[in-house]
Amino acid sequence: MSLDFKGRVAIVTGAGGGLGREHALLLAARGAKVVVNDLGGARDGSGHSLSAAESVVAEIRAAGGEAIANGASVTDWEAVQAMVQQAMDTWGRVDILVNNAGILRDKTFAKMDLTDFRLVLDVHLMGAVHCSKAVWPHMMEQKYGRILMTTSSTGLYGNFGQTNYGAAKLALVGFMQSLALEGAKYDIRVNSLAPTAATRMTEGLMPQAVLDALSPKAVAPAMLLLVSQDAPTRTILCAGAGHVESANITLTQGDWIGLDSDAPERLAAQLDKVRDRAGEMVPPNGSAQGTHEVTHVTAKLA
């Protein structure tokens with residue numbers, strides 16, 4: 001099976017370098033017309049330049065593809081709307097959105113200024129919200145859309161000194177879960193990708209030998225699948241160094257502790273059983289938790 005994107009229009013944010021550049025290049029190589037968005041700022045989000053986006057556009061055009069540059073900040077709702085309108089005016093549709101733009105402002109929570117916490121949330125989470133909101137009506141109207149969130153192992157599993165980044169990245173998974181349910185009847189599929197790659201964002205965070213082994217190019221195939229015509233939905237893939245895994249938020253079978261006054265002590269005594277992962281499941285939606293609990297209680301009291 002060949003993943004073909006001829007006739008598709010994609011917007012890739014943060015596409016001036018690193019992962020975003022590889023995403024844009026691969027989509028274009030497979031036939032997609034690409035809006036290469038990049039604010040052109042530093043790793044902490046400061047500064048602005050269109051040169052990075054224009055450089056990637058030049059690469060795509062030199063290879064025979066179609067692309068346009070855009071320098072909107074994903075934190076600017078009006079600029080994001082204008083970016084989507086630019087794509088509509090140029091090509092008449094938007095089929096794919098890759099939410100890749102991000103910044104880092106790492107410090108331990110004790111030393112972190114709340115301004116840095118809010119800014120990281122604003123870029124990663126609200127940036128994805130702005131872009132998704134702007135493309136949503138077009139995708140609904142054409143009854144087709146593919147949206148990708150860039151999550152992280154920090155959000156899924158935690159990392160020291162990255163409370164702001166982790167909070168934003170796991171929030172994107174929650175955003176994905178509900179957005180995918182709302183988009184299902186319009187064939188809008190929403191997924192998440194947790195990459196491991198050597199980019200400007202990871203400089204200084206890993207030994208150089210490890211960074212050398214982790215090419216952003218090795219992550220792009222997972223992106224391509226998750227925005228393809230036959231993509232799954234509500235799927236979290238983790239990818240790095242050419243290896244791909246799947247992450248899931250699961251629910252254990254749990255145990256009944258009752259409503260008596262000693263229920264807290266019973267929970268303490270039964271916590272290992274509550275946490276036992278044998279028979280765990282991936283709920284189809286949030287209401288499945290309540291259904292699971294009521295079913296167990298009904299069986300217990302029958």
# chains A, B, ... in the order shown; residues from 1 in each chain; ligands from 1
>>> select_by_dssp(residues="region 45-237 of chain A", states="strand (DSSP E)", output="list in words")
Ala67, Ile68, Ala69, Asn70, Ile96, Leu97, Val98, Asn99, Gly145, Arg146, Ile147, Leu148, Met149, Thr150, Ile188, Arg189, Val190, Asn191, Ser192, Leu193, Ala194, Pro195, Thr196, Ile236 and Leu237 of chain A
>>> write_last_selection(atoms="C-alpha atoms", output="compact mmCIF listing (two decimals), in the first residue's frame")
# COMPACT_ATOMS: atom_id res chain seq x y z
CA ALA A 67 4.43 25.11 -0.97
CA ILE A 68 3.91 28.55 0.50
CA ALA A 69 5.49 30.12 3.58
CA ASN A 70 3.64 31.56 6.56
CA ILE A 96 -4.30 18.01 6.93
CA LEU A 97 -3.13 19.92 9.97
CA VAL A 98 0.09 18.92 11.73
CA ASN A 99 0.31 20.78 15.04
CA GLY A 145 -9.83 16.06 7.69
CA ARG A 146 -6.74 14.74 9.41
CA ILE A 147 -5.35 16.51 12.49
CA LEU A 148 -2.18 15.52 14.31
CA MET A 149 -1.15 16.64 17.78
CA THR A 150 2.51 16.51 18.74
CA ILE A 188 -12.14 14.01 10.62
CA ARG A 189 -9.57 11.79 12.28
CA VAL A 190 -7.40 13.08 15.10
CA ASN A 191 -4.22 11.42 16.37
CA SER A 192 -1.12 12.16 18.44
CA LEU A 193 2.57 11.56 17.86
CA ALA A 194 5.23 11.45 20.59
CA PRO A 195 8.58 11.88 18.80
CA THR A 196 12.10 11.22 19.98
CA ILE A 236 -1.01 7.75 20.09
CA LEU A 237 2.17 6.61 18.36
>>> residues_around(residues="Gln85 (chain A)", least_positions_apart="6", cutoff="10 Å", atoms="only C-alpha atoms", output="list of chain:residue names")
A:Ala79, A:Trp91, A:Gly92, A:Arg93, A:Val94, A:Ala134, A:Val135
>>> residues_around(residues="region 106-119 of chain A", least_positions_apart="4", cutoff="8 Å", atoms="only C-alpha atoms", output="ChimeraX atom specification")
/A:123,160-165
>>> select_by_dssp(residues="region 67-242 of chain A", states="alpha helix (DSSP H)", output="VMD selection string")
chain A and resid 77 to 91 114 to 121 127 to 142 153 to 157 163 to 183 208 to 213 220 to 226
>>> residues_around(residues="Lys217 (chain A)", least_positions_apart="2", cutoff="10 Å", atoms="only C-alpha atoms", output="list in words")
Gly18, Leu19, Gly20, Arg21, Glu22, His23, Leu25, Leu26, Ala197, Ala198, Leu214, Ser215, Val219, Ala220, Pro221, Gly240, Ala241 and Gly242 of chain A
>>> atom_distance(atom1="CA of Thr154 (chain A)", atom2="CA of Lys169 (chain A)")
7.3 Å
>>> atom_distance(atom1="CA of Asp276 (chain A)", atom2="CA of Thr252 (chain A)")
6.6 Å
>>> closest_residue(among="A:Ala239, A:Leu121, A:Val56, A:Asp212", to="Leu225 (chain A)", atoms="only C-alpha atoms")
A:Ala239
